[in-house]
Amino acid sequence: MIKTLGLRLLASLVLLIVVPTVTFFLQAVTPGNVAQSILGIGATPQSVAALDNQLGLDRPVWQRYLDWLAGFFHGDLGTSYITGDSVVRTLSGRLGVSLSLIVGALVVFTIVGVLLGILSTSSSRVWGRLIDVVSTAGIAIPNFWLGVLLIGVFAVQLNLLPATGYVQPSENVGGWIASLVLPVIALAFAGITGVAKQTRDQMLVSLASPYARSLRANGASEASLLFRHALRNASGPIITVIGLIFVGALSGSVVVENIFVLPGLGSQAVQSTAQRDLPVIQGIAVYFTIIVVVVNVVIDVVNTILNPKARAS
Amino acid sequence: MIGRFRVVRQFLRRPLGLTSAVFLVLVIISVALAKLIAPYDPLAQDYSAVLATPNAAHPLGTDQLGRDVLSRLLYGGQVTLIGILEAVVVAVVVGIILGLIAGYLGGPLDTVLSRLTELVMAIPGIVVLLMTYALTGNNAHAGMFVLGVLSVPTIYRVTRGAAAAVRGETFISASRVVGIGRGAIMVRHVLPNVWGPIIVNTAVLAAVTLGIQGGLNYLALGVNPPAPSWGGMVSEAQSSLLQQPWLMVPSGLTIALTIVAFLLIADALRDATDTRSDIPSSAPRQAVVEDSTAPSAAPEGALLAVDRLRVAFNGVRVVQDVRFSVAPGETIGIVGESGSGKTVTASAILDSLDAGASVTGCVWFQGVDLLHAPAHHRRAARGSGIAYISQDPMVALDPSFTVAGQLGELVARHHGLRGAARQRRVLELLDQVGLPDPAGTARRYPHQLSGGMAQRVSIACALAGNPKVLIADEPTTALDVTIQGEILDLLRRLRDDTGMAIVIITHDLGVIADIADRVVVMYAGEVVEQAAVEAVFASPGHPYTRALLAANPIASERGKPLMAIPGTVPRPGSWPTGCHFAVRCPFATEACSAAPIRLEPVANSEDHESRCIRIDEVLRSSRKEVVS
């Protein structure tokens, strides 16, 4: 079991190398001059060359890549083109904001999705239709529109929750929660669909299985079949799908942070993109990848615990 | 292969899909013709008419700079729709090529490609997109190209799965044999067979891409305001949310409706191309029980009696006029080929028929007609009245629970035992079914058991409620020959120890000879003969039984060739009016096919029934053979 987990962990760590490599690869293949973009169209060739030299952009991509990798292994992600600050320092203060949002959304779409999935497993047609509607709405109402609609209704019209901004939990826990409610809903909404569908499908597979038939014929109660047996057997596939949805939610968080003006990694990412601040974008790629790796490992551990076959091996 | 025109016809028949397609075409045409039909320049500002609600001059109102919303929507759609097209084309072309290669060729290439796509799916795509926009100076086409690459796994996986599924089919192997090259096979034979799932997923991908691209445009990525885009207009609406909430509606709703249109088209295509998944569409529903004509009385002396049972699935009859009864402690064997209706009969008794089944007749158990009894009666009978063991023991136990976990649940349910008392009963049951190490077995998971052990555990589960009748559906079929005998010995011993009756369903006359007191022979949904085992083996009263015996190596005589029954069992829905066996029967006359044949007592022998009007000739012929 430890060995399997170790191998999976190694596989996840590969991702940590792959993502920065891909982003560097993009630098090598895309046309365009970053220094020119930073300085604007009016910049003289001399000033562009000077900036190129200052930022090290006049060196070949593979050399910059190797330098970057060397720094990466020492926990150094370089310095911002724009502010000259350390990328790690720039981003570390923002990590908590993004984590609050993303973990909040993870909890919400998991709980709501599983509950909806269970409800739609019941033979009633109404609940069965509901999940179809929810799964369409989950894709059709994209997070940026939903976010603005939520602000319009709950902040502007009803004045129940703040429209934008973030409160540190160390300052005021109530304010922190209030500042996260709408962003978390906006981010979680799209994920509910996938979790609910997977929950329903896997539970139905389990309920139609020979063991469910045997247990039922020999006296097991319907409640036990549904909640003990079907849900338990569906849990592995549900968790796997949650992992995939989580990766999508990470991308969504960039949009949601900008809607609600949360000072997290996502709003920094968009700002840095506009400023062509490559080291910071690169750093955010690393932070996001670490989050994905951690979630993958947690999912592997939980799946191993839930699956007797994997536990034994 | 699915005929293209049939799919188009099928698609056009679905109103939601058709409406969506029409809507989408209208959107595309009006966006394409924006230059001609837009009432204003999308960038023209008019400070005399800012934040207007819809009016004659501005059908969808104006924004904070007095720009016409309709015109901006029409022009903005160009960025949006071209972007979707770019991303989807990249994803589909690359996904299909890689998917075909991986699915059709298989091998190490398949492994590498599949690992790669898993990797791509684990990458938070947004960072790659952001990098692209930063490097290309916010170039819309570069962004959509990268988004397409990131979406390749969606199409790759569908194509690969579908291609791998058709790889083994005969026409593919045949093409290979006649020397058609791999590339040609993939393009000419594999692709036409996998395009159904691909176009369905392409439509879904278009919907998802629109959502993602909208988000990017909202962030002013891939578009440079004031140039209009649908996502960007939501952002502009947000900034004047306080003054004019109406602005939220046109852009957001256009995006949502276009996405819904793509999804509904995907749904309609899925129905039209009939790419169903193997996941059940709804929870198992109760079969419909219809009132039978005249309710019979509970038969005297029988513990379990099935009377005039008829089962139909979606109007097609699969079992009709089945009747037999089981006395306490008796073992009944139900024998027949696959498709004869044995298992459906068992399911009707167990109240576990699938949705779409309708049942008539009676299932009497201890004086109560279970088919027409209230639900709590039927529930009460499960496990403690009638218990069940299934064919394949390896899938009959819940893989996620230990033996003690599932057996203990049933013990608790039937006897209300908890804690140590429950554990004691679990171990007793495991001991009773002859498992050598009950405590060790109790701790194990199903995958740690051998087939024989698992079947013993299944039997222990069935015994948990001290049932009066055990229904065993092919209990030995999936087991090794040596284990088969042991399980039959166990069933016989349990019957003698507990006094329970057994209904054993099998296609194996050897099993019947080994364990059963009486045998019910089924053919094409009907009981054709029933009698004591000895009587059936000595003088079978139905030509089908005779043929079955003659085809069985155990029952046949040494030196005589084994007989195969010519022809096949008629399928449900195409049963003949008269005798179901007539077409394969050496005794058949015209009368046999004229009218339904009744199950009637065989002359001068009690408790022997046969559904044959040529019974005298059959018996005479049987006797002759025995004499010779």
# chains A, B, ... in the order shown; residues from 1 in each chain; ligands from 1
>>> select_by_dssp(residues="segment 354-472 of chain B", states="alpha helix (DSSP H)", output="short mmCIF file (atom, residue, chain, number, x, y, z; two decimals) with all heavy atoms, in the first residue's frame")
data_model
loop_
_atom_site.label_atom_id
_atom_site.label_comp_id
_atom_site.auth_asym_id
_atom_site.auth_seq_id
_atom_site.Cartn_x
_atom_site.Cartn_y
_atom_site.Cartn_z
N ALA B 375 -46.65 -4.12 0.56
CA ALA B 375 -45.18 -4.13 0.52
C ALA B 375 -44.56 -4.71 1.78
O ALA B 375 -43.56 -5.42 1.71
CB ALA B 375 -44.67 -2.70 0.29
N HIS B 376 -45.16 -4.44 2.96
CA HIS B 376 -44.49 -4.91 4.17
C HIS B 376 -44.51 -6.43 4.27
O HIS B 376 -43.60 -7.05 4.82
CB HIS B 376 -45.08 -4.26 5.42
CG HIS B 376 -46.47 -4.71 5.75
ND1 HIS B 376 -47.59 -4.07 5.27
CD2 HIS B 376 -46.91 -5.74 6.50
CE1 HIS B 376 -48.66 -4.69 5.71
NE2 HIS B 376 -48.29 -5.71 6.47
N HIS B 377 -45.54 -7.07 3.66
CA HIS B 377 -45.57 -8.53 3.61
C HIS B 377 -44.42 -9.06 2.79
O HIS B 377 -43.75 -10.02 3.16
CB HIS B 377 -46.88 -9.00 2.95
CG HIS B 377 -47.94 -9.33 3.95
ND1 HIS B 377 -47.96 -10.52 4.64
CD2 HIS B 377 -49.01 -8.62 4.38
CE1 HIS B 377 -49.01 -10.53 5.45
NE2 HIS B 377 -49.66 -9.38 5.32
N ARG B 378 -44.24 -8.42 1.63
CA ARG B 378 -43.18 -8.87 0.74
C ARG B 378 -41.81 -8.66 1.39
O ARG B 378 -40.94 -9.51 1.30
CB ARG B 378 -43.25 -8.09 -0.59
CG ARG B 378 -44.55 -8.32 -1.35
CD ARG B 378 -44.35 -8.04 -2.82
NE ARG B 378 -43.97 -6.65 -3.06
CZ ARG B 378 -44.82 -5.68 -3.35
NH1 ARG B 378 -46.10 -5.95 -3.47
NH2 ARG B 378 -44.42 -4.46 -3.54
N ARG B 379 -41.67 -7.52 2.05
CA ARG B 379 -40.40 -7.25 2.73
C ARG B 379 -40.13 -8.30 3.80
O ARG B 379 -39.01 -8.79 3.94
CB ARG B 379 -40.43 -5.85 3.37
CG ARG B 379 -39.75 -4.80 2.56
CD ARG B 379 -39.33 -3.60 3.40
NE ARG B 379 -40.44 -3.05 4.17
CZ ARG B 379 -41.29 -2.14 3.70
NH1 ARG B 379 -41.18 -1.70 2.47
NH2 ARG B 379 -42.26 -1.67 4.46
N ALA B 380 -41.19 -8.62 4.54
CA ALA B 380 -41.02 -9.55 5.65
C ALA B 380 -40.60 -10.93 5.14
O ALA B 380 -39.90 -11.67 5.83
CB ALA B 380 -42.30 -9.65 6.45
N ALA B 381 -41.03 -11.27 3.94
CA ALA B 381 -40.70 -12.60 3.41
C ALA B 381 -39.24 -12.68 2.97
O ALA B 381 -38.66 -13.76 2.95
CB ALA B 381 -41.61 -12.92 2.23
N VAL B 403 -16.68 -10.11 5.01
CA VAL B 403 -17.71 -11.13 5.16
C VAL B 403 -18.55 -10.83 6.41
O VAL B 403 -19.78 -10.83 6.37
CB VAL B 403 -17.06 -12.53 5.24
CG1 VAL B 403 -18.08 -13.56 5.67
CG2 VAL B 403 -16.44 -12.88 3.90
N ALA B 404 -17.86 -10.53 7.51
CA ALA B 404 -18.57 -10.24 8.75
C ALA B 404 -19.45 -9.01 8.57
O ALA B 404 -20.57 -8.95 9.11
CB ALA B 404 -17.59 -10.03 9.89
N GLY B 405 -18.97 -8.03 7.79
CA GLY B 405 -19.72 -6.80 7.58
C GLY B 405 -21.06 -7.05 6.94
O GLY B 405 -22.09 -6.54 7.40
N GLN B 406 -21.07 -7.84 5.85
CA GLN B 406 -22.36 -8.04 5.17
C GLN B 406 -23.21 -9.13 5.80
O GLN B 406 -24.43 -9.01 5.88
CB GLN B 406 -22.19 -8.27 3.68
CG GLN B 406 -20.99 -9.06 3.23
CD GLN B 406 -20.60 -8.71 1.79
OE1 GLN B 406 -21.45 -8.63 0.93
NE2 GLN B 406 -19.33 -8.49 1.55
N LEU B 407 -22.56 -10.21 6.26
CA LEU B 407 -23.32 -11.27 6.92
C LEU B 407 -23.90 -10.74 8.23
O LEU B 407 -25.05 -11.02 8.58
CB LEU B 407 -22.40 -12.47 7.16
CG LEU B 407 -23.03 -13.74 7.71
CD1 LEU B 407 -24.26 -14.15 6.91
CD2 LEU B 407 -22.01 -14.89 7.71
N GLY B 408 -23.07 -9.95 8.95
CA GLY B 408 -23.51 -9.37 10.22
C GLY B 408 -24.72 -8.45 10.03
O GLY B 408 -25.63 -8.43 10.84
N GLU B 409 -24.73 -7.71 8.93
CA GLU B 409 -25.86 -6.82 8.66
C GLU B 409 -27.15 -7.62 8.56
O GLU B 409 -28.19 -7.23 9.12
CB GLU B 409 -25.62 -6.05 7.36
CG GLU B 409 -26.79 -5.16 6.99
CD GLU B 409 -26.65 -4.51 5.62
OE1 GLU B 409 -25.52 -4.43 5.11
OE2 GLU B 409 -27.69 -4.08 5.08
N LEU B 410 -27.08 -8.75 7.83
CA LEU B 410 -28.30 -9.56 7.66
C LEU B 410 -28.72 -10.21 8.97
O LEU B 410 -29.91 -10.28 9.28
CB LEU B 410 -28.05 -10.61 6.57
CG LEU B 410 -27.83 -10.04 5.17
CD1 LEU B 410 -27.38 -11.12 4.20
CD2 LEU B 410 -29.10 -9.36 4.67
N VAL B 411 -27.72 -10.65 9.75
CA VAL B 411 -28.02 -11.24 11.06
C VAL B 411 -28.71 -10.20 11.96
O VAL B 411 -29.71 -10.48 12.60
CB VAL B 411 -26.71 -11.76 11.71
CG1 VAL B 411 -26.94 -12.06 13.19
CG2 VAL B 411 -26.22 -12.99 10.98
N ALA B 412 -28.17 -9.00 11.94
CA ALA B 412 -28.76 -7.93 12.76
C ALA B 412 -30.19 -7.63 12.31
O ALA B 412 -31.10 -7.45 13.11
CB ALA B 412 -27.90 -6.68 12.66
N ARG B 413 -30.35 -7.63 11.01
CA ARG B 413 -31.65 -7.31 10.44
C ARG B 413 -32.71 -8.35 10.82
O ARG B 413 -33.83 -8.03 11.14
CB ARG B 413 -31.48 -7.25 8.91
CG ARG B 413 -32.73 -7.01 8.15
CD ARG B 413 -32.90 -5.56 7.83
NE ARG B 413 -34.06 -5.42 6.97
CZ ARG B 413 -34.89 -4.39 7.02
NH1 ARG B 413 -34.68 -3.43 7.87
NH2 ARG B 413 -35.92 -4.33 6.20
N HIS B 414 -32.33 -9.61 10.75
CA HIS B 414 -33.32 -10.67 10.99
C HIS B 414 -33.51 -10.97 12.46
O HIS B 414 -34.59 -11.34 12.89
CB HIS B 414 -32.89 -11.96 10.26
CG HIS B 414 -33.00 -11.86 8.78
ND1 HIS B 414 -34.20 -11.62 8.14
CD2 HIS B 414 -32.07 -11.94 7.79
CE1 HIS B 414 -34.00 -11.58 6.83
NE2 HIS B 414 -32.71 -11.76 6.60
N HIS B 415 -32.47 -10.86 13.25
CA HIS B 415 -32.58 -11.30 14.64
C HIS B 415 -32.34 -10.18 15.64
O HIS B 415 -32.38 -10.42 16.84
CB HIS B 415 -31.60 -12.45 14.91
CG HIS B 415 -31.75 -13.59 13.96
ND1 HIS B 415 -32.86 -14.41 13.96
CD2 HIS B 415 -30.97 -14.02 12.94
CE1 HIS B 415 -32.74 -15.31 13.00
NE2 HIS B 415 -31.61 -15.09 12.35
N GLY B 419 -23.41 -6.52 18.49
CA GLY B 419 -22.12 -6.75 19.16
C GLY B 419 -21.68 -8.20 19.15
O GLY B 419 -21.66 -8.85 18.10
N ALA B 420 -21.34 -8.71 20.34
CA ALA B 420 -20.74 -10.04 20.43
C ALA B 420 -21.73 -11.12 20.00
O ALA B 420 -21.35 -12.11 19.37
CB ALA B 420 -20.27 -10.30 21.86
N ALA B 421 -23.00 -10.95 20.34
CA ALA B 421 -24.01 -11.95 19.97
C ALA B 421 -24.10 -12.06 18.45
O ALA B 421 -24.20 -13.16 17.90
CB ALA B 421 -25.36 -11.56 20.56
N ARG B 422 -24.02 -10.91 17.80
CA ARG B 422 -24.08 -10.92 16.35
C ARG B 422 -22.86 -11.65 15.78
O ARG B 422 -22.98 -12.48 14.89
CB ARG B 422 -24.12 -9.48 15.83
CG ARG B 422 -24.11 -9.42 14.32
CD ARG B 422 -24.48 -8.06 13.80
NE ARG B 422 -23.38 -7.13 13.88
CZ ARG B 422 -23.47 -5.85 13.53
NH1 ARG B 422 -24.61 -5.37 13.11
NH2 ARG B 422 -22.43 -5.06 13.62
N GLN B 423 -21.70 -11.31 16.29
CA GLN B 423 -20.47 -11.92 15.81
C GLN B 423 -20.53 -13.44 16.01
O GLN B 423 -20.12 -14.21 15.13
CB GLN B 423 -19.26 -11.32 16.56
CG GLN B 423 -17.90 -11.83 16.10
CD GLN B 423 -17.58 -11.42 14.66
OE1 GLN B 423 -18.29 -10.59 14.07
NE2 GLN B 423 -16.54 -12.00 14.09
N ARG B 424 -21.09 -13.87 17.17
CA ARG B 424 -21.19 -15.29 17.45
C ARG B 424 -22.05 -15.98 16.39
O ARG B 424 -21.71 -17.03 15.87
CB ARG B 424 -21.80 -15.50 18.85
CG ARG B 424 -21.18 -16.68 19.56
CD ARG B 424 -21.48 -16.77 21.05
NE ARG B 424 -22.66 -16.11 21.52
CZ ARG B 424 -22.64 -15.05 22.35
NH1 ARG B 424 -21.49 -14.52 22.74
NH2 ARG B 424 -23.77 -14.51 22.76
N ARG B 425 -23.18 -15.33 16.06
CA ARG B 425 -24.09 -15.90 15.07
C ARG B 425 -23.42 -15.95 13.68
O ARG B 425 -23.58 -16.91 12.94
CB ARG B 425 -25.38 -15.06 15.02
CG ARG B 425 -26.42 -15.56 14.05
CD ARG B 425 -27.12 -16.82 14.56
NE ARG B 425 -27.98 -17.39 13.50
CZ ARG B 425 -27.88 -18.63 13.06
NH1 ARG B 425 -27.00 -19.47 13.59
NH2 ARG B 425 -28.68 -19.07 12.11
N VAL B 426 -22.67 -14.92 13.36
CA VAL B 426 -21.95 -14.88 12.08
C VAL B 426 -21.01 -16.08 11.99
O VAL B 426 -20.98 -16.81 10.99
CB VAL B 426 -21.15 -13.56 11.93
CG1 VAL B 426 -20.13 -13.66 10.81
CG2 VAL B 426 -22.11 -12.40 11.67
N LEU B 427 -20.27 -16.32 13.06
CA LEU B 427 -19.30 -17.42 13.06
C LEU B 427 -20.03 -18.77 12.98
O LEU B 427 -19.59 -19.68 12.28
CB LEU B 427 -18.40 -17.36 14.29
CG LEU B 427 -17.51 -16.10 14.35
CD1 LEU B 427 -16.60 -16.13 15.57
CD2 LEU B 427 -16.68 -15.96 13.08
N GLU B 428 -21.16 -18.87 13.69
CA GLU B 428 -21.97 -20.10 13.63
C GLU B 428 -22.39 -20.39 12.19
O GLU B 428 -22.27 -21.52 11.72
CB GLU B 428 -23.24 -19.94 14.46
CG GLU B 428 -23.12 -20.35 15.91
CD GLU B 428 -24.39 -19.97 16.69
OE1 GLU B 428 -25.49 -19.96 16.08
OE2 GLU B 428 -24.27 -19.68 17.88
N LEU B 429 -22.89 -19.35 11.53
CA LEU B 429 -23.35 -19.53 10.15
C LEU B 429 -22.21 -19.95 9.24
O LEU B 429 -22.35 -20.84 8.40
CB LEU B 429 -23.98 -18.23 9.63
CG LEU B 429 -25.40 -17.94 10.13
CD1 LEU B 429 -25.77 -16.49 9.84
CD2 LEU B 429 -26.40 -18.88 9.47
N LEU B 430 -21.05 -19.32 9.40
CA LEU B 430 -19.90 -19.65 8.56
C LEU B 430 -19.45 -21.09 8.83
O LEU B 430 -19.02 -21.80 7.92
CB LEU B 430 -18.76 -18.67 8.80
CG LEU B 430 -19.03 -17.23 8.34
CD1 LEU B 430 -17.86 -16.31 8.70
CD2 LEU B 430 -19.27 -17.19 6.83
N ASP B 431 -19.58 -21.50 10.08
CA ASP B 431 -19.24 -22.87 10.44
C ASP B 431 -20.24 -23.83 9.81
O ASP B 431 -19.89 -24.88 9.27
CB ASP B 431 -19.23 -23.00 11.96
CG ASP B 431 -18.78 -24.38 12.39
OD1 ASP B 431 -17.72 -24.81 11.92
OD2 ASP B 431 -19.53 -25.03 13.15
N GLN B 432 -21.52 -23.41 9.86
CA GLN B 432 -22.59 -24.26 9.34
C GLN B 432 -22.44 -24.54 7.84
O GLN B 432 -22.81 -25.61 7.37
CB GLN B 432 -23.94 -23.56 9.61
CG GLN B 432 -25.13 -24.49 9.54
CD GLN B 432 -26.44 -23.74 9.77
OE1 GLN B 432 -26.44 -22.55 10.06
NE2 GLN B 432 -27.54 -24.44 9.63
N PRO B 438 -13.86 -20.11 10.32
CA PRO B 438 -14.90 -19.06 10.31
C PRO B 438 -14.37 -17.70 10.73
O PRO B 438 -14.67 -16.69 10.07
CB PRO B 438 -15.92 -19.57 11.33
CG PRO B 438 -15.72 -21.04 11.38
CD PRO B 438 -14.25 -21.26 11.15
N ALA B 439 -13.57 -17.66 11.79
CA ALA B 439 -13.10 -16.36 12.28
C ALA B 439 -12.23 -15.68 11.23
O ALA B 439 -12.36 -14.48 10.97
CB ALA B 439 -12.33 -16.53 13.58
N GLY B 440 -11.35 -16.46 10.59
CA GLY B 440 -10.47 -15.90 9.56
C GLY B 440 -11.27 -15.44 8.36
O GLY B 440 -11.03 -14.37 7.80
N THR B 441 -12.25 -16.23 7.94
CA THR B 441 -13.07 -15.89 6.79
C THR B 441 -13.87 -14.63 7.06
O THR B 441 -14.03 -13.78 6.18
CB THR B 441 -14.02 -17.04 6.44
OG1 THR B 441 -13.25 -18.25 6.36
CG2 THR B 441 -14.73 -16.80 5.13
N ALA B 442 -14.37 -14.50 8.28
CA ALA B 442 -15.21 -13.35 8.62
C ALA B 442 -14.48 -12.04 8.39
O ALA B 442 -15.08 -11.04 8.02
CB ALA B 442 -15.68 -13.45 10.08
N GLY B 451 -13.72 -19.01 -5.28
CA GLY B 451 -15.10 -19.13 -5.74
C GLY B 451 -15.95 -20.00 -4.82
O GLY B 451 -17.07 -19.65 -4.45
N GLY B 452 -15.38 -21.15 -4.44
CA GLY B 452 -16.12 -22.06 -3.57
C GLY B 452 -16.40 -21.45 -2.21
O GLY B 452 -17.52 -21.55 -1.68
N MET B 453 -15.38 -20.77 -1.65
CA MET B 453 -15.57 -20.12 -0.35
C MET B 453 -16.64 -19.04 -0.46
O MET B 453 -17.50 -18.90 0.41
CB MET B 453 -14.26 -19.49 0.13
CG MET B 453 -13.23 -20.50 0.61
SD MET B 453 -11.62 -19.70 0.75
CE MET B 453 -11.73 -18.99 2.39
N ALA B 454 -16.55 -18.24 -1.55
CA ALA B 454 -17.51 -17.14 -1.72
C ALA B 454 -18.93 -17.70 -1.81
O ALA B 454 -19.87 -17.13 -1.24
CB ALA B 454 -17.17 -16.34 -2.96
N GLN B 455 -19.08 -18.84 -2.51
CA GLN B 455 -20.43 -19.40 -2.62
C GLN B 455 -20.91 -19.89 -1.25
O GLN B 455 -22.08 -19.74 -0.91
CB GLN B 455 -20.47 -20.53 -3.67
CG GLN B 455 -21.86 -20.99 -4.05
CD GLN B 455 -22.72 -19.87 -4.64
OE1 GLN B 455 -23.01 -18.87 -3.97
NE2 GLN B 455 -23.14 -20.02 -5.87
N ARG B 456 -20.01 -20.42 -0.44
CA ARG B 456 -20.41 -20.83 0.91
C ARG B 456 -20.82 -19.61 1.73
O ARG B 456 -21.80 -19.65 2.47
CB ARG B 456 -19.26 -21.57 1.60
CG ARG B 456 -19.07 -22.99 1.09
CD ARG B 456 -17.85 -23.65 1.70
NE ARG B 456 -17.48 -24.84 0.96
CZ ARG B 456 -17.94 -26.07 1.24
NH1 ARG B 456 -18.77 -26.24 2.25
NH2 ARG B 456 -17.58 -27.10 0.52
N VAL B 457 -20.08 -18.50 1.56
CA VAL B 457 -20.46 -17.29 2.29
C VAL B 457 -21.82 -16.80 1.80
O VAL B 457 -22.67 -16.41 2.61
CB VAL B 457 -19.39 -16.18 2.11
CG1 VAL B 457 -19.88 -14.86 2.69
CG2 VAL B 457 -18.08 -16.60 2.76
N SER B 458 -22.05 -16.85 0.49
CA SER B 458 -23.36 -16.45 -0.05
C SER B 458 -24.46 -17.30 0.57
O SER B 458 -25.54 -16.80 0.90
CB SER B 458 -23.41 -16.64 -1.56
OG SER B 458 -22.49 -15.80 -2.18
N ILE B 459 -24.19 -18.59 0.70
CA ILE B 459 -25.19 -19.48 1.29
C ILE B 459 -25.42 -19.10 2.76
O ILE B 459 -26.55 -19.05 3.23
CB ILE B 459 -24.76 -20.96 1.14
CG1 ILE B 459 -24.72 -21.33 -0.35
CG2 ILE B 459 -25.69 -21.89 1.90
CD1 ILE B 459 -24.13 -22.70 -0.64
N ALA B 460 -24.32 -18.77 3.45
CA ALA B 460 -24.46 -18.33 4.85
C ALA B 460 -25.34 -17.08 4.92
O ALA B 460 -26.20 -16.96 5.80
CB ALA B 460 -23.10 -18.06 5.46
N CYS B 461 -25.15 -16.15 3.95
CA CYS B 461 -25.97 -14.92 3.91
C CYS B 461 -27.44 -15.30 3.73
O CYS B 461 -28.33 -14.70 4.34
CB CYS B 461 -25.54 -14.01 2.78
SG CYS B 461 -23.98 -13.17 3.09
N ALA B 462 -27.68 -16.29 2.87
CA ALA B 462 -29.06 -16.70 2.62
C ALA B 462 -29.66 -17.37 3.86
O ALA B 462 -30.86 -17.28 4.11
CB ALA B 462 -29.12 -17.64 1.42
N LEU B 463 -28.82 -18.04 4.64
CA LEU B 463 -29.32 -18.74 5.82
C LEU B 463 -29.56 -17.81 7.00
O LEU B 463 -30.18 -18.20 7.98
CB LEU B 463 -28.31 -19.82 6.26
CG LEU B 463 -28.10 -21.01 5.33
CD1 LEU B 463 -27.07 -21.95 5.91
CD2 LEU B 463 -29.41 -21.73 5.08
#
>>> closest_atom_pairs(of="chain A", to="chain B", cutoff="6 Å", atoms="only C-alpha atoms", output="JSON lines")
{"residue": "A:Gly32", "atom": "CA", "partner": "B:Thr136", "partner_atom": "CA", "distance": 5.8}
{"residue": "A:Thr121", "atom": "CA", "partner": "B:Ala283", "partner_atom": "CA", "distance": 5.7}
{"residue": "A:Ser123", "atom": "CA", "partner": "B:Ala283", "partner_atom": "CA", "distance": 5.1}
{"residue": "A:Ala140", "atom": "CA", "partner": "B:Ala256", "partner_atom": "CA", "distance": 4.7}
{"residue": "A:Ile141", "atom": "CA", "partner": "B:Ala256", "partner_atom": "CA", "distance": 5.6}
{"residue": "A:Pro142", "atom": "CA", "partner": "B:Gly211", "partner_atom": "CA", "distance": 5.4}
{"residue": "A:Phe144", "atom": "CA", "partner": "B:Gly215", "partner_atom": "CA", "distance": 5.9}
{"residue": "A:Trp145", "atom": "CA", "partner": "B:Gly252", "partner_atom": "CA", "distance": 5.9}
{"residue": "A:Leu204", "atom": "CA", "partner": "B:Ala283", "partner_atom": "CA", "distance": 5.9}
{"residue": "A:Pro210", "atom": "CA", "partner": "B:Ala396", "partner_atom": "CA", "distance": 5.2}
{"residue": "A:Tyr211", "atom": "CA", "partner": "B:Ala396", "partner_atom": "CA", "distance": 4.0}
{"residue": "A:Ala217", "atom": "CA", "partner": "B:Arg382", "partner_atom": "CA", "distance": 5.4}
{"residue": "A:Asn218", "atom": "CA", "partner": "B:Gly383", "partner_atom": "CA", "distance": 3.7}
{"residue": "A:Gly219", "atom": "CA", "partner": "B:Gly383", "partner_atom": "CA", "distance": 4.5}
{"residue": "A:Val247", "atom": "CA", "partner": "B:Pro124", "partner_atom": "CA", "distance": 5.6}
{"residue": "A:Ser251", "atom": "CA", "partner": "B:Ile126", "partner_atom": "CA", "distance": 5.0}
{"residue": "A:Thr273", "atom": "CA", "partner": "B:Ala134", "partner_atom": "CA", "distance": 4.9}
{"residue": "A:Arg276", "atom": "CA", "partner": "B:Ala134", "partner_atom": "CA", "distance": 4.8}
{"residue": "A:Ala285", "atom": "CA", "partner": "B:Val127", "partner_atom": "CA", "distance": 5.4}
>>> closest_residue(among="B:Glu600, B:Glu300, B:Glu590, B:Glu236", to="Ala531 of chain B", atoms="only C-alpha atoms")
B:Glu600
>>> atom_distance(atom1="atom CA of Val286 of chain A", atom2="atom CA of Asn139 of chain B")
23.5 Å
>>> residues_around(residues="segment 14-30 of chain B", least_positions_apart="2", cutoff="9 Å", atoms="only C-alpha atoms", output="NGL selection string")
:B and (10-12 or 32-34 or 36-38 or 74 or 77-78 or 81 or 257-258 or 260-269 or 271-272)
>>> atom_distance(atom1="atom CA of Gly174 of chain A", atom2="atom CA of Ile192 of chain A")
25.3 Å
>>> residues_around(residues="Gln484 of chain B", least_positions_apart="4", cutoff="12 Å", atoms="only C-alpha atoms", output="list in words")
Gln391, Gly451, Gly452, Met453, Gln455, Arg456, Glu474, Pro475, Thr476, Thr477, Ala478, Leu479, Asp480, Leu488, Asp489, Leu490, Leu491, Asp508, Gly510, Val511, Asp514 and Ile515 of chain B
>>> residues_around(residues="segment 187-200 of chain B", least_positions_apart="4", cutoff="10 Å", atoms="only C-alpha atoms", output="JSON, numbers by chain")
{"B": [1, 2, 3, 4, 7, 92, 95, 96, 97, 100, 103, 104, 154, 155, 156, 157, 158, 159, 160, 161, 162, 163, 164, 165, 166, 167, 171, 172, 175, 182, 183, 204, 205, 262, 263, 265, 266, 267, 268, 269, 270, 271, 272, 273, 274, 275, 276]}
>>> atom_distance(atom1="atom CA of Phe260 of chain A", atom2="atom CA of Arg94 of chain A")
14.6 Å
>>> residues_around(residues="Ala57 of chain B", least_positions_apart="4", cutoff="9 Å", atoms="only C-alpha atoms", output="PyMOL selection string")
chain B and resi 39+61+68
>>> residues_around(residues="segment 331-336 of chain B", least_positions_apart="2", cutoff="9 Å", atoms="only C-alpha atoms", output="ChimeraX atom specification")
/B:325-329,338-342,492,495,500-509,511-512,515-524,533,548
